[in-house]
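Okay, structure first, notes after.
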Amino acid sequence: MDSVVETHGLTREFVRRGKGAKLLTRSALRAVDDLSITIAPGDSVGYIGANGAGKSTTIKMLVGILVPTSGTVRTCGLDPLKQRRELAARVGVVFGQRSQLWWDLPVRESFEILSAIHRLPPSRSRARTDELVDRLELGEFLATPVRQLSLGQRMRAEVAAALLHQPQLVILDEPTIGLDVLSKQRLREFLIGERRSHGTTLLLTTHDMGDIERLCDRVLVVDHGRVVHDGDLDGLARAAGAGRTLVVDLTGATPDLTGIPHTTHVSSEVDGARQRLGFDSESTTAAAVLAAVSERAEVRDLSIEEPDIEDVVRRIYRARR
Ligand SMILES: Nc1ncnc2c1ncn2[C@@H]1O[C@H](COP(=O)(O)OP(=O)(O)OP(=O)(O)O)[C@@H](O)[C@H]1O
């Protein structure tokens with residue numbers, strides 16, 4: 001099948017007006033610069049980069065909200081500007097900060113309106129709503145007006161709204177921002193299931209490494225509107241040289257756990273009762289590090305901190321400059 005997203009030399013400039021010594025000045029800012037990418041059906045792609053790197057501008061061009069300055073874009077085989085309505089039937093978009101639900105209406109009524117907008121036959125609308133209510137656990141607040149929902153509840157309802165018509169491509173802009181651990185987990189599990197059962201293609205921007213790790217097979221890193229890394233997650237970690245951190249809570253004061261193979265002692269708190277050990281997933285595993293720690297101290301609790309996405313992105317940028 002043809003690509004779900006295909007861009008060639010896609011570029012978008014914004015004119016910036018500033019104030020010089022005497023005159024008003026105008027300069028062009030290239031938010032997206034000569035972007036050529038292909039996304040195949042069923043792919044799950046993370047689109048990451050620093051603030052202002054050009055992610056939202058790209059997404060807006062993919063869905064026909066912004067006109068490119070030059071280059072071409074096809075989404076689901078369509079021209080997003082000329083075939084915006086056809087495209088709306090095939091794409092679902094979730095902008096973390098913006099709602100597509102009706103604030104004062106109960107969630108269920110928003111779904112009914114969206115079903116009508118997408119002209120879903122009543123039986124299909126019912127079956128799909130039931131499926132989403134079940135898989136996103138929306139049942140307890142279906143009758144609640146959107147403005148009364150918690151952030152986690154609202155995001156789940158937003159995702160359901162965007163996916164009601166079972167789009168071929170789902171674009172999510174910061175889908176888990178501000179959510180607690182449990183809500184993030186639910187949302188990610190849902191997206192994994194959706195992809196598995198319907199072959200949905202996912203494109204998401206995020207600042208959360210957990211989203212990338214759980215959801216994406218491929219990562220595009222963008223810097224000043226240009227793709228500077230395109231590959232799988234391991235490739236990203238390798239390119240960035242970033243490791244994970246094992247945090248151990250020990251039963252009492254413990255000397256620094258130095259000298260464990262393939263680890264770096266990062267920090268100790270409360271007289272060493274909590275310690276952080278950085279390790280490189282290429283050379284060792286969390287289990288091996290834990291086993292080595294357990295030989296020297298009694299472990300009460302543990303957690304693993306993923307590399308911070310900003311850190312990974314910064315390292316990739318630095319490596320290129
Ligand atoms: N309407 C606009 N007018 C002028 N400049 C704009 C406009 N929209 C975006 N920009 C500029 O284009 C650049 C890219 O912005 P964009 O919103 O695409 O970045 P982003 O990667 O999505 O950032 P973030 O992670 O902060 O959302 C930024 O420098 C931004 O200031």
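Identifiers in the structure tokens: chain A, B, ... in order shown; residue index from 1 per chain; ligand index from 1 in order shown.
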
Considering only C-alpha atoms, tabulate each residue of stretch 83-190 of chain A that lies at most 7 Å from stretch 205-225 of chain A along with its nearest interatomic pair and the corresponding distance in Å to one decimal; arrange the rows by chain and ascending residue number and present them as JSON lines.
{"residue": "A:Leu172", "atom": "CA", "partner": "A:Thr205", "partner_atom": "CA", "distance": 6.4}
{"residue": "A:Asp173", "atom": "CA", "partner": "A:Thr205", "partner_atom": "CA", "distance": 4.9}
{"residue": "A:Glu174", "atom": "CA", "partner": "A:Thr206", "partner_atom": "CA", "distance": 4.6}
{"residue": "A:Arg188", "atom": "CA", "partner": "A:Leu215", "partner_atom": "CA", "distance": 6.8}

May I have the residues from that selection written out with N, CA, C and O atoms, as a CSV table (one decimal), in the first residue's frame?
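Generated file (again11.csv):
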chain,number,residue,atom,x,y,z
A,172,LEU,N,-0.9,12.7,17.3
A,172,LEU,CA,-1.1,13.1,18.6
A,172,LEU,C,0.0,14.1,19.0
A,172,LEU,O,1.2,13.8,18.9
A,173,ASP,N,-0.4,15.3,19.4
A,173,ASP,CA,0.5,16.3,19.8
A,173,ASP,C,0.6,16.4,21.3
A,173,ASP,O,-0.4,16.8,22.0
A,174,GLU,N,1.6,15.9,21.9
A,174,GLU,CA,1.8,15.8,23.4
A,174,GLU,C,0.6,15.2,24.1
A,174,GLU,O,0.0,15.8,24.9
A,188,ARG,N,-1.5,4.9,26.8
A,188,ARG,CA,-0.5,4.2,26.0
A,188,ARG,C,-1.0,2.8,25.6
A,188,ARG,O,-0.9,2.3,24.5

Which residues are near stretch 270-273 of chain A? Cut-off 10 Å, only C-alpha atoms, ignore same chain within fewer than 3 positions. Put them as a ChimeraX atom specification. /A:248-257,267,276,297-300

- request: Could you give me the residues within 9 Å of ligand 1, counting only C-alpha atoms and all ligand atoms, as a PyMOL selection string?
  value: chain A and resi 12-16+29-32+48-60+173-174+205-207+222-225

Run DSSP on the backbone and tell me which residues of stretch 150-317 of chain A come out as strand (DSSP E or B); list them as a VMD selection string. chain A and resid 169 to 173 201 to 205 218 to 223 226 to 231 244 to 250 263 to 269 274 to 279 299 to 305

Can I get the selected residues back with N, CA and C atoms, as a short mmCIF file (atom, residue, chain, number, x, y, z; two decimals), in the first residue's frame?
data_model
loop_
_atom_site.label_atom_id
_atom_site.label_comp_id
_atom_site.auth_asym_id
_atom_site.auth_seq_id
_atom_site.Cartn_x
_atom_site.Cartn_y
_atom_site.Cartn_z
N LEU A 169 -4.89 7.21 10.08
CA LEU A 169 -3.72 7.88 10.68
C LEU A 169 -4.17 8.68 11.90
N VAL A 170 -3.46 8.47 13.01
CA VAL A 170 -3.75 9.25 14.22
C VAL A 170 -2.52 10.10 14.55
N ILE A 171 -2.75 11.40 14.65
CA ILE A 171 -1.65 12.31 14.99
C ILE A 171 -1.92 12.85 16.38
N LEU A 172 -0.94 12.68 17.25
CA LEU A 172 -1.13 13.12 18.64
C LEU A 172 -0.03 14.11 19.00
N ASP A 173 -0.44 15.30 19.41
CA ASP A 173 0.53 16.33 19.80
C ASP A 173 0.56 16.37 21.32
N THR A 201 -1.96 3.84 11.90
CA THR A 201 -0.64 4.48 11.84
C THR A 201 -0.61 5.61 12.87
N LEU A 202 0.46 5.67 13.65
CA LEU A 202 0.56 6.70 14.70
C LEU A 202 1.72 7.65 14.42
N LEU A 203 1.45 8.93 14.60
CA LEU A 203 2.52 9.94 14.55
C LEU A 203 2.35 10.81 15.78
N LEU A 204 3.35 10.84 16.65
CA LEU A 204 3.16 11.65 17.85
C LEU A 204 4.35 12.51 18.19
N THR A 205 4.04 13.71 18.68
CA THR A 205 5.09 14.56 19.23
C THR A 205 5.01 14.42 20.74
N ARG A 218 9.84 3.94 15.54
CA ARG A 218 10.74 4.80 14.77
C ARG A 218 10.69 6.21 15.35
N VAL A 219 11.82 6.87 15.35
CA VAL A 219 11.88 8.22 15.90
C VAL A 219 12.51 9.17 14.88
N LEU A 220 11.84 10.27 14.66
CA LEU A 220 12.41 11.34 13.83
C LEU A 220 12.76 12.48 14.78
N VAL A 221 14.01 12.92 14.74
CA VAL A 221 14.39 14.07 15.57
C VAL A 221 14.55 15.26 14.64
N VAL A 222 13.89 16.36 14.99
CA VAL A 222 13.93 17.54 14.13
C VAL A 222 14.65 18.67 14.86
N ASP A 223 15.46 19.40 14.10
CA ASP A 223 16.20 20.54 14.65
C ASP A 223 16.13 21.67 13.63
N ARG A 226 14.66 20.69 10.34
CA ARG A 226 15.28 19.63 9.54
C ARG A 226 15.36 18.34 10.33
N VAL A 227 15.20 17.20 9.64
CA VAL A 227 15.33 15.92 10.34
C VAL A 227 16.82 15.63 10.54
N VAL A 228 17.21 15.42 11.79
CA VAL A 228 18.63 15.17 12.06
C VAL A 228 18.87 13.73 12.52
N HIS A 229 17.78 12.99 12.76
CA HIS A 229 17.92 11.57 13.10
C HIS A 229 16.64 10.86 12.67
N ASP A 230 16.80 9.73 12.02
CA ASP A 230 15.64 8.94 11.61
C ASP A 230 16.02 7.48 11.83
N GLY A 231 15.43 6.85 12.83
CA GLY A 231 15.80 5.46 13.08
C GLY A 231 15.00 4.88 14.21
N ARG A 244 20.15 4.64 31.05
CA ARG A 244 19.03 4.65 31.99
C ARG A 244 19.61 4.69 33.41
N THR A 245 18.74 4.95 34.35
CA THR A 245 19.21 5.04 35.74
C THR A 245 18.38 4.11 36.62
N LEU A 246 19.10 3.28 37.38
CA LEU A 246 18.42 2.42 38.35
C LEU A 246 18.44 3.16 39.70
N VAL A 247 17.26 3.33 40.29
CA VAL A 247 17.19 3.99 41.60
C VAL A 247 16.87 2.91 42.62
N VAL A 248 17.75 2.74 43.61
CA VAL A 248 17.49 1.70 44.61
C VAL A 248 17.30 2.32 45.99
N ASP A 249 16.27 1.85 46.70
CA ASP A 249 16.07 2.23 48.10
C ASP A 249 16.57 1.06 48.93
N LEU A 250 17.49 1.34 49.83
CA LEU A 250 18.13 0.26 50.61
C LEU A 250 17.64 0.32 52.06
N THR A 263 28.25 0.39 35.12
CA THR A 263 27.40 1.40 35.76
C THR A 263 28.24 2.58 36.23
N THR A 264 27.57 3.70 36.41
CA THR A 264 28.21 4.87 36.98
C THR A 264 27.39 5.27 38.19
N HIS A 265 28.06 5.49 39.30
CA HIS A 265 27.35 5.94 40.49
C HIS A 265 26.97 7.40 40.28
N VAL A 266 25.66 7.70 40.28
CA VAL A 266 25.21 9.07 39.96
C VAL A 266 25.04 9.89 41.24
N SER A 267 24.35 9.31 42.25
CA SER A 267 24.14 10.09 43.47
C SER A 267 23.73 9.19 44.63
N SER A 268 23.92 9.73 45.82
CA SER A 268 23.47 9.05 47.05
C SER A 268 22.69 10.04 47.89
N GLU A 269 21.59 9.59 48.47
CA GLU A 269 20.83 10.46 49.38
C GLU A 269 20.60 9.71 50.69
N ARG A 274 19.30 5.80 49.59
CA ARG A 274 18.77 5.84 48.21
C ARG A 274 19.93 6.20 47.28
N GLN A 275 20.15 5.36 46.29
CA GLN A 275 21.26 5.63 45.37
C GLN A 275 20.81 5.50 43.93
N ARG A 276 21.45 6.28 43.08
CA ARG A 276 21.14 6.25 41.64
C ARG A 276 22.37 5.73 40.90
N LEU A 277 22.11 4.71 40.06
CA LEU A 277 23.20 4.13 39.28
C LEU A 277 22.84 4.23 37.80
N GLY A 278 23.66 4.96 37.05
CA GLY A 278 23.44 5.05 35.62
C GLY A 278 23.99 3.79 34.96
N PHE A 279 23.26 3.23 34.00
CA PHE A 279 23.81 2.07 33.29
C PHE A 279 23.45 2.14 31.81
N VAL A 299 17.97 -4.54 49.20
CA VAL A 299 17.16 -3.62 48.42
C VAL A 299 15.71 -3.68 48.89
N ARG A 300 15.15 -2.49 49.22
CA ARG A 300 13.77 -2.41 49.69
C ARG A 300 12.81 -2.10 48.54
N ASP A 301 13.27 -1.25 47.64
CA ASP A 301 12.41 -0.84 46.52
C ASP A 301 13.32 -0.36 45.38
N LEU A 302 12.75 -0.35 44.18
CA LEU A 302 13.57 0.12 43.06
C LEU A 302 12.69 0.73 41.98
N SER A 303 13.30 1.57 41.18
CA SER A 303 12.60 2.09 40.00
C SER A 303 13.66 2.39 38.94
N ILE A 304 13.18 2.52 37.71
CA ILE A 304 14.13 2.83 36.63
C ILE A 304 13.74 4.17 36.02
N GLU A 305 14.71 5.07 35.94
CA GLU A 305 14.45 6.36 35.30
C GLU A 305 14.97 6.30 33.88
#

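Looking only at stretch 222-294 of chain A, the set that DSSP places in alpha helix (DSSP H) from backbone geometry is Leu233, Asp234, Gly235, Leu236, Ala237, Arg238, Ala239, Ala240, Ala286, Ala287, Ala288, Val289, Leu290, Ala291, Ala292, Val293 and Ser294 of chain A.
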
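With only C-alpha atoms as the atoms that count, the residue of A:Leu236, A:Ala291, A:Ile309, A:Ala160 with the shortest distance to A:Leu142 is A:Ala160.
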
Might you pull out every residue within 6 Å of A:Leu10, with only C-alpha atoms counted and same-chain residues fewer than 3 positions away left off, and present them as a JSON list (two decimals) with all heavy atoms, in the first residue's frame?
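Saved as out11.json:
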[["chain", "number", "residue", "atom", "x", "y", "z"],
["A", 7, "THR", "N", 6.27, 13.48, 2.24],
["A", 7, "THR", "CA", 6.59, 14.89, 1.96],
["A", 7, "THR", "C", 7.89, 14.95, 1.17],
["A", 7, "THR", "O", 8.77, 14.11, 1.35],
["A", 7, "THR", "CB", 6.77, 15.72, 3.25],
["A", 7, "THR", "OG1", 8.02, 15.38, 3.87],
["A", 7, "THR", "CG2", 5.65, 15.51, 4.25],
["A", 34, "ASP", "N", 12.85, 22.01, 4.13],
["A", 34, "ASP", "CA", 13.21, 20.97, 3.17],
["A", 34, "ASP", "C", 13.00, 19.56, 3.73],
["A", 34, "ASP", "O", 13.88, 18.71, 3.66],
["A", 34, "ASP", "CB", 14.69, 21.18, 2.78],
["A", 34, "ASP", "CG", 15.05, 20.43, 1.51],
["A", 34, "ASP", "OD1", 14.14, 20.08, 0.74],
["A", 34, "ASP", "OD2", 16.25, 20.16, 1.31],
["A", 35, "LEU", "N", 11.84, 19.34, 4.28],
["A", 35, "LEU", "CA", 11.55, 18.08, 4.98],
["A", 35, "LEU", "C", 11.04, 17.02, 3.98],
["A", 35, "LEU", "O", 10.03, 17.22, 3.33],
["A", 35, "LEU", "CB", 10.48, 18.34, 6.04],
["A", 35, "LEU", "CG", 10.13, 17.18, 6.96],
["A", 35, "LEU", "CD1", 11.19, 17.03, 8.04],
["A", 35, "LEU", "CD2", 8.77, 17.42, 7.61],
["A", 70, "SER", "N", 6.88, 25.97, 0.27],
["A", 70, "SER", "CA", 7.26, 25.21, -0.92],
["A", 70, "SER", "C", 7.31, 23.73, -0.55],
["A", 70, "SER", "O", 7.21, 23.36, 0.62],
["A", 70, "SER", "CB", 8.61, 25.69, -1.46],
["A", 70, "SER", "OG", 9.60, 25.54, -0.47],
["A", 71, "GLY", "N", 7.48, 22.89, -1.57],
["A", 71, "GLY", "CA", 7.53, 21.44, -1.35],
["A", 71, "GLY", "C", 6.15, 20.83, -1.48],
["A", 71, "GLY", "O", 5.15, 21.54, -1.69],
["A", 72, "THR", "N", 6.11, 19.51, -1.35],
["A", 72, "THR", "CA", 4.83, 18.82, -1.50],
["A", 72, "THR", "C", 4.52, 17.97, -0.27],
["A", 72, "THR", "O", 5.43, 17.54, 0.44],
["A", 72, "THR", "CB", 4.82, 17.89, -2.73],
["A", 72, "THR", "OG1", 5.85, 16.91, -2.54],
["A", 72, "THR", "CG2", 5.05, 18.65, -4.02]]

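Among the candidates A:Arg126, A:Asp180, A:Ile37, A:Ser99, the one nearest to A:Arg147 when counting only C-alpha atoms is A:Ser99.
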
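The gap separating atom CA of A:Ile39 from atom CA of A:Val63 is 14.4 Å, in Å to one decimal.
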
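From atom CA of A:Gly42 back to atom CA of A:Glu194, the distance works out to 10.6 Å.
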
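Comparing the minimum interatomic distances between A:Leu187 and each of A:Glu137, A:Glu310, A:Asp79, A:Asp2, counting only C-alpha atoms, we find that A:Glu137 sits nearest.
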
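With distances restricted to only C-alpha atoms, A:Val5 is the closest residue to A:Leu87 from A:Ala157, A:Ala143, A:Val5, A:Leu114.
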
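With only C-alpha atoms as the basis for measurement, A:His262 is the residue among A:Arg156, A:His262, A:Arg108, A:Arg318 that approaches A:Ala292 most closely.
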